[in-house]
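Quick notes on the structure that follows.
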Amino acid sequence: MGDDTNEQCEDLSSSMLDIKNLHVDVDGKPILKGIDLSIGAGEVHAIMGPNGSGKSTLSYVLAGRDGYEVTEGSIAYEGQDLLELAPEERAARGIFLAFQYPVELPGVPGTTFLKGAVNAQRRHREEPELDAMQFLRLMREKTKELGIGDEMLKRAVNVGFSGGEKKRNEVLQMALLEPKLAILDETDSGLDIDALKVVAEGVNLLRSPDRSMLVITHYQRLLDYVVPDHVHVLANGRIARSGGKELAHELEAKGYAEFTKDAAA
Amino acid sequence: MQQDIQGEAALVALAAPDQGAPWLTDLRAQGLERFRAAGLPTVRVEAWKYTNLNPLRHDAWQAPGEGTNVRGVRDTELSADLRVVLVNGRLRPELCRLPRVAGLKIDSLARLLAEAPDELAALLPADNDDLPMFDLNTALMADGYVLRLEENAKIDALIEIVSLAEDNEVPLTYHPRHLIVAAPGSSVTVIERHVEGRHRYFVNGATQMVLQAGANVRHYRTVEEGANAVHTHTMLAHLAEDASLECFNLVLGGRLTRSEAHVALSGRGARVALNGAYGLAGREHCDNTTVVNHIAGETSSRQVFKGVLDGKSRAVYQGRIAVRPDAQKIDGHQLSKAMLLSDEAEIDTKPELEILADDVKCSHGATAGELDKDALFYMRARGIPEAEARAMLIHAFLADAVEEVSHDAVRTALANRIEEWLATKTSAEGAAQ
């Protein structure tokens, strides 16, 4: 557990995600300035860092959002160049981004959206689509497993949802889509402690030996519940330090001052 | 210049000396006279500022013949037990399904004018100003449906009106006139389907409605005209006290469509809903123009129009709400929302509130925006391909307006129709790529 950074560099063949020297510009401004990160199958990595360090940029680049220009470096996902793929192709291949700010879709009912997503991914993988009954059964199974009521699925996606409902909805989507790599972008933000526990329990239920997770957070709080294998500190567009789960506690005690100072120097 | 007036001259030339009752001959002559005086409206006329009728100006318009060249009526989700079929604006009894329903009479205008013209003598004249297309209809109307409800007749069955255009080599024009007369306490739901024809035609319809005290009429239209068709329609409605009129106008096709609704809320407690949705592509042009006159107190009006514009299409929404000085406790609301999918698409919105009373709640809102890029990315990040995600968002946008339709089966059918329309648009785009 001690020297985690070396461990993850040794065996690249089992890497789920391999980010090398990643530089990303947003509106012509460099935000990520040389990220190296390898995530093995089944591993949970946490990325912590102060505001503006590039945490969300990293999550959006992985999911394929427009407006994030990779100027240098590479991202390999299951050994393939991720940057060539459209967002929907990435999703179909198992990448899931739980949004920091889940988007409202007025007029699109939750079930329509989720069935559309599940079946689009199945089509892409050349698997048979689920019919209405099969989908309903799957949805019931997942909502029960997560202890999430299904009433919010009858409403338009995220419209009028509380912060907690939005994040629970993200976890439910993750459960239905069964990704190989889940990226949780500030999933704890805006949640009170009870809502946080519900969301964290959901995430923990989805931990499995074939599912990797990248948990992005400002606070250590979430990591008390979703305990990571590795913790990285992102500061000023670079990974300033990596370590085990105890690093999160250290950051909680000391804050990010040390890293922001280093970066500025 | 000669060419420019050819279309108008051809239209005027179609007016024939009438064989009918003297009042009818006079009515037609007056309509023709007013139309000739005003001419085919140009964009210099304020009410036509955004809708250019140039597509009408160059053709040698002809009146339709027997209309035998039709492909028959396709059943759809909106097909009803009661069906009226018009071909080139002429009611065709052999294609209709009209079982006897107590309290309901549906006739052909042409037949009534021939056999019992005096029944219509009080109904057809309309005191209208500045409605040249309605005047043209008055001059040239040949047929249409006349729907009459007896007192307290509640017609549960949906009445489907199918309007077909005959395939023809020459440019045809026809001017159907429809009448809906609802006696006190009666109610009815009508869905008009204007089905596309392949050739070039110009249909200039008019519908007159009289809703007596407490009558309740739901009047829905789907306009899916052909790519070469020009479709203009003028509705004139009079509502007595506590009468209620609900309209929905779904436009999904036609080179140029203009739907005008003129509603007089003449009796206390009368209320009207004028709603619509449209999906436009290519160079299609869709105009919704409404004029609501709050003549009596405690009357209300509500309007919701939503549309999606692609290509070089153009939409117009003009909504006028007039409140008379002595009409108090008025509610008048209008909303126009457009989603522009292309840089070259355009919407012109002109709300006009003319309020001369003080105890009035009136509002209007208009927005024009693009497809929400964040929403699109969110859906794609869940694996939904871009084209499908766009279709889902567009459908949701339009379906929101369809929610205004109070008839369950019609609401569902209209939402499904939009979905089908989107599917053909999406696959056409896919094929073009």
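Residues in the structure tokens are named by chain (A, B, ... in the order shown) and by number from 1 within that chain; ligands are numbered from 1 in the order shown.
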
- Message: Can you pull out the residues contacting range 190-194 of chain A? Cut-off 7 Å, using only C-alpha atoms, and skip same-chain residues under 3 positions away; I want them as number ranges by chain.
- Response: A: 163-164, 197-198

Grab the residues selected above and save them as a tab-separated table (two decimals), in the first residue's frame with C-alpha atoms.
chain	number	residue	atom	x	y	z
A	163	GLY	CA	-29.05	18.54	-5.41
A	164	GLY	CA	-29.30	15.17	-3.69
A	197	LYS	CA	-24.04	8.72	2.60
A	198	VAL	CA	-26.80	7.54	0.25

- Message: Quick check for you: according to DSSP on this backbone, which residues of range 92-259 of chain A are classed as helix (DSSP H, G or I)? Reply as a PyMOL selection string.
- Response: chain A and resi 92+110-124+132-146+151-153+163-177+193-205+221-225+246-254+257-259

- Quick one: DSSP strand (DSSP E or B) residues in range 30-241 of chain A, as a VMD selection string? chain A and resid 30 to 40 44 to 48 68 to 77 80 to 81 95 to 98 109 156 181 to 185 208 211 to 217 230 to 235 238 to 241

Write to file, as a PDB file, in the first residue's frame, the residues of the selection just made, with C-alpha atoms.
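The result, written out as result.pdb:
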ATOM      1  CA  PRO A  30      -3.356  25.918 -20.788  1.00  0.00           C
ATOM      2  CA  ILE A  31      -5.242  24.173 -17.978  1.00  0.00           C
ATOM      3  CA  LEU A  32      -3.654  20.725 -17.808  1.00  0.00           C
ATOM      4  CA  LYS A  33       0.110  20.865 -18.146  1.00  0.00           C
ATOM      5  CA  GLY A  34       1.434  17.340 -18.319  1.00  0.00           C
ATOM      6  CA  ILE A  35      -0.683  14.773 -16.470  1.00  0.00           C
ATOM      7  CA  ASP A  36       0.540  11.204 -16.093  1.00  0.00           C
ATOM      8  CA  LEU A  37      -1.915   8.762 -14.596  1.00  0.00           C
ATOM      9  CA  SER A  38      -2.507   5.040 -14.892  1.00  0.00           C
ATOM     10  CA  ILE A  39      -5.571   3.322 -13.527  1.00  0.00           C
ATOM     11  CA  GLY A  40      -5.646  -0.457 -13.369  1.00  0.00           C
ATOM     12  CA  VAL A  44     -10.306   3.361  -7.277  1.00  0.00           C
ATOM     13  CA  HIS A  45      -8.248   6.507  -7.688  1.00  0.00           C
ATOM     14  CA  ALA A  46      -9.075   9.805  -6.096  1.00  0.00           C
ATOM     15  CA  ILE A  47      -8.007  13.123  -7.525  1.00  0.00           C
ATOM     16  CA  MET A  48      -8.024  15.940  -5.058  1.00  0.00           C
ATOM     17  CA  TYR A  68     -11.096  20.997 -24.582  1.00  0.00           C
ATOM     18  CA  GLU A  69      -8.097  20.951 -26.867  1.00  0.00           C
ATOM     19  CA  VAL A  70      -5.440  18.330 -26.262  1.00  0.00           C
ATOM     20  CA  THR A  71      -2.188  20.014 -27.331  1.00  0.00           C
ATOM     21  CA  GLU A  72       0.203  17.296 -26.213  1.00  0.00           C
ATOM     22  CA  GLY A  73       0.206  13.795 -24.782  1.00  0.00           C
ATOM     23  CA  SER A  74      -2.163  10.858 -25.060  1.00  0.00           C
ATOM     24  CA  ILE A  75      -4.964   8.956 -23.381  1.00  0.00           C
ATOM     25  CA  ALA A  76      -5.229   5.229 -23.910  1.00  0.00           C
ATOM     26  CA  TYR A  77      -8.327   3.406 -22.738  1.00  0.00           C
ATOM     27  CA  GLN A  80      -6.926   2.255 -27.586  1.00  0.00           C
ATOM     28  CA  ASP A  81      -6.615   5.930 -28.384  1.00  0.00           C
ATOM     29  CA  ILE A  95     -16.737   5.229 -19.750  1.00  0.00           C
ATOM     30  CA  PHE A  96     -19.213   6.972 -17.493  1.00  0.00           C
ATOM     31  CA  LEU A  97     -18.965  10.504 -16.192  1.00  0.00           C
ATOM     32  CA  ALA A  98     -21.089  11.392 -13.192  1.00  0.00           C
ATOM     33  CA  PRO A 109     -38.822  11.619 -19.103  1.00  0.00           C
ATOM     34  CA  ALA A 156     -38.241  14.961 -16.794  1.00  0.00           C
ATOM     35  CA  LEU A 181     -14.499   3.237 -15.860  1.00  0.00           C
ATOM     36  CA  ALA A 182     -16.615   5.555 -13.754  1.00  0.00           C
ATOM     37  CA  ILE A 183     -15.504   9.151 -13.329  1.00  0.00           C
ATOM     38  CA  LEU A 184     -17.203  10.875 -10.413  1.00  0.00           C
ATOM     39  CA  ASP A 185     -16.773  14.622 -10.764  1.00  0.00           C
ATOM     40  CA  SER A 208     -16.175  -4.439  -8.446  1.00  0.00           C
ATOM     41  CA  ARG A 211     -14.776  -1.574 -12.576  1.00  0.00           C
ATOM     42  CA  SER A 212     -12.270   1.218 -12.177  1.00  0.00           C
ATOM     43  CA  MET A 213     -13.194   4.536 -10.652  1.00  0.00           C
ATOM     44  CA  LEU A 214     -11.771   7.996 -10.752  1.00  0.00           C
ATOM     45  CA  VAL A 215     -13.202  10.006  -7.880  1.00  0.00           C
ATOM     46  CA  ILE A 216     -12.658  13.737  -8.238  1.00  0.00           C
ATOM     47  CA  THR A 217     -13.245  15.772  -5.137  1.00  0.00           C
ATOM     48  CA  HIS A 230      -4.712   5.724  -4.587  1.00  0.00           C
ATOM     49  CA  VAL A 231      -4.902   9.459  -4.035  1.00  0.00           C
ATOM     50  CA  HIS A 232      -3.411  12.108  -6.312  1.00  0.00           C
ATOM     51  CA  VAL A 233      -3.129  15.800  -5.715  1.00  0.00           C
ATOM     52  CA  LEU A 234      -3.823  17.923  -8.778  1.00  0.00           C
ATOM     53  CA  ALA A 235      -2.467  21.432  -8.528  1.00  0.00           C
ATOM     54  CA  ARG A 238      -0.119  18.800 -12.811  1.00  0.00           C
ATOM     55  CA  ILE A 239      -0.181  15.880 -10.422  1.00  0.00           C
ATOM     56  CA  ALA A 240       1.805  17.306  -7.567  1.00  0.00           C
ATOM     57  CA  ARG A 241       1.829  14.234  -5.374  1.00  0.00           C
TER      58      ARG A 241
END

- Message: If the cut-off is 9 Å, can you tell me the residues of chain B near chain A, counting only C-alpha atoms? I'd like them as a PyMOL selection string.
- Response: chain B and resi 374-375+377-386+388-389+392-393+395-400

Deliver the residues from the most recent selection as a file, using C-alpha atoms, as an mmCIF file, in the first residue's frame.
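Listed below is the output, selection_11.cif:
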data_model
loop_
_atom_site.group_PDB
_atom_site.id
_atom_site.type_symbol
_atom_site.label_atom_id
_atom_site.label_comp_id
_atom_site.auth_asym_id
_atom_site.auth_seq_id
_atom_site.Cartn_x
_atom_site.Cartn_y
_atom_site.Cartn_z
ATOM 1 C CA ASP B 374 -24.861 21.023 -22.468
ATOM 2 C CA ALA B 375 -27.916 18.829 -22.744
ATOM 3 C CA PHE B 377 -23.269 16.502 -24.396
ATOM 4 C CA TYR B 378 -24.949 15.041 -21.322
ATOM 5 C CA MET B 379 -26.977 12.689 -23.510
ATOM 6 C CA ARG B 380 -24.021 11.726 -25.680
ATOM 7 C CA ALA B 381 -21.979 11.042 -22.549
ATOM 8 C CA ARG B 382 -24.629 8.455 -21.714
ATOM 9 C CA GLY B 383 -24.144 6.772 -25.070
ATOM 10 C CA ILE B 384 -26.962 8.311 -27.058
ATOM 11 C CA PRO B 385 -25.686 9.126 -30.583
ATOM 12 C CA GLU B 386 -25.754 12.800 -31.498
ATOM 13 C CA GLU B 388 -30.749 10.632 -31.687
ATOM 14 C CA ALA B 389 -29.983 13.005 -28.824
ATOM 15 C CA MET B 392 -35.021 13.587 -28.380
ATOM 16 C CA LEU B 393 -34.374 17.195 -27.370
ATOM 17 C CA HIS B 395 -39.197 16.263 -29.636
ATOM 18 C CA ALA B 396 -39.238 17.251 -25.985
ATOM 19 C CA PHE B 397 -39.263 20.927 -26.948
ATOM 20 C CA LEU B 398 -42.260 20.550 -29.257
ATOM 21 C CA ALA B 399 -44.048 18.020 -27.056
ATOM 22 C CA ASP B 400 -44.138 20.671 -24.370
#

- Query: Asn216 in chain B: which residues within 9 Å, counting only C-alpha atoms, same-chain residues fewer than 4 positions away excluded, as a list in words?
  - Reply: Lys154, Ala182, Pro184, Gly185, Ser186, Ser187, Val188, Thr189, Leu211, Gln212, Asp242, Ala243, Ser244, Leu245 and Glu246 of chain B

- Kindly indicate which residue among B:Leu40, B:Val263, B:Val12, B:Val402 lies nearest to Pro132 in chain B, using only C-alpha atoms for the distances. B:Leu40

- Item | d(CA of Asp408 in chain B, CA of Val157 in chain A) in Å |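 About the pair CA of Asp408 in chain B and CA of Val157 in chain A: they are 22.9 Å apart.
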
- Item | Shell of 7 Å around Ala366 in chain B, only C-alpha atoms, local chain residues under 3 positions omitted, as a PyMOL selection string | chain B and resi 335-337

Take the residues from that selection and put them in a file with C-alpha atoms, as a PDB file, in the first residue's frame.
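result33.pdb was written with the following content:
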ATOM      1  CA  LEU B 335     -45.800  32.738 -25.451  1.00  0.00           C
ATOM      2  CA  SER B 336     -43.685  32.059 -28.521  1.00  0.00           C
ATOM      3  CA  LYS B 337     -40.599  29.887 -28.294  1.00  0.00           C
TER       4      LYS B 337
END

- Message: Give me the residues near Glu66 in chain B as a VMD selection string, where near means some atom within 12 Å (using only C-alpha atoms) and where sequence neighbours in that chain fewer than 2 positions away do not count.
- Response: chain B and resid 63 to 64 68 to 70 86 to 92 165 to 168

- For CA of Val73 in chain B and CA of Leu309 in chain B, quote the distance in Å rounded to one decimal.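 Between these atoms lies a distance of 29.1 Å.
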
- Message: Show me, as a ChimeraX atom specification, the residues that have an atom within 9 Å of range 200-208 of chain B when counting only C-alpha atoms, minus same-chain residues fewer than 6 positions from it.
- Response: /B:56,61,88-89,123-124,126,133-134,136-138,141,144,165,167-181,226-238

- Query: Using only C-alpha atoms, which of B:Asn293, B:Thr51, B:Ser79, B:Thr257 sits nearest Leu239 in chain B?
  - Reply: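 That would be B:Asn293, the residue with the smallest distance to Leu239 in chain B.
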
- CA of Arg221 in chain B and CA of Gly253 in chain B are how many Å apart?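 Taking CA of Arg221 in chain B as the start and CA of Gly253 in chain B as the end point, the length is 12.5 Å.
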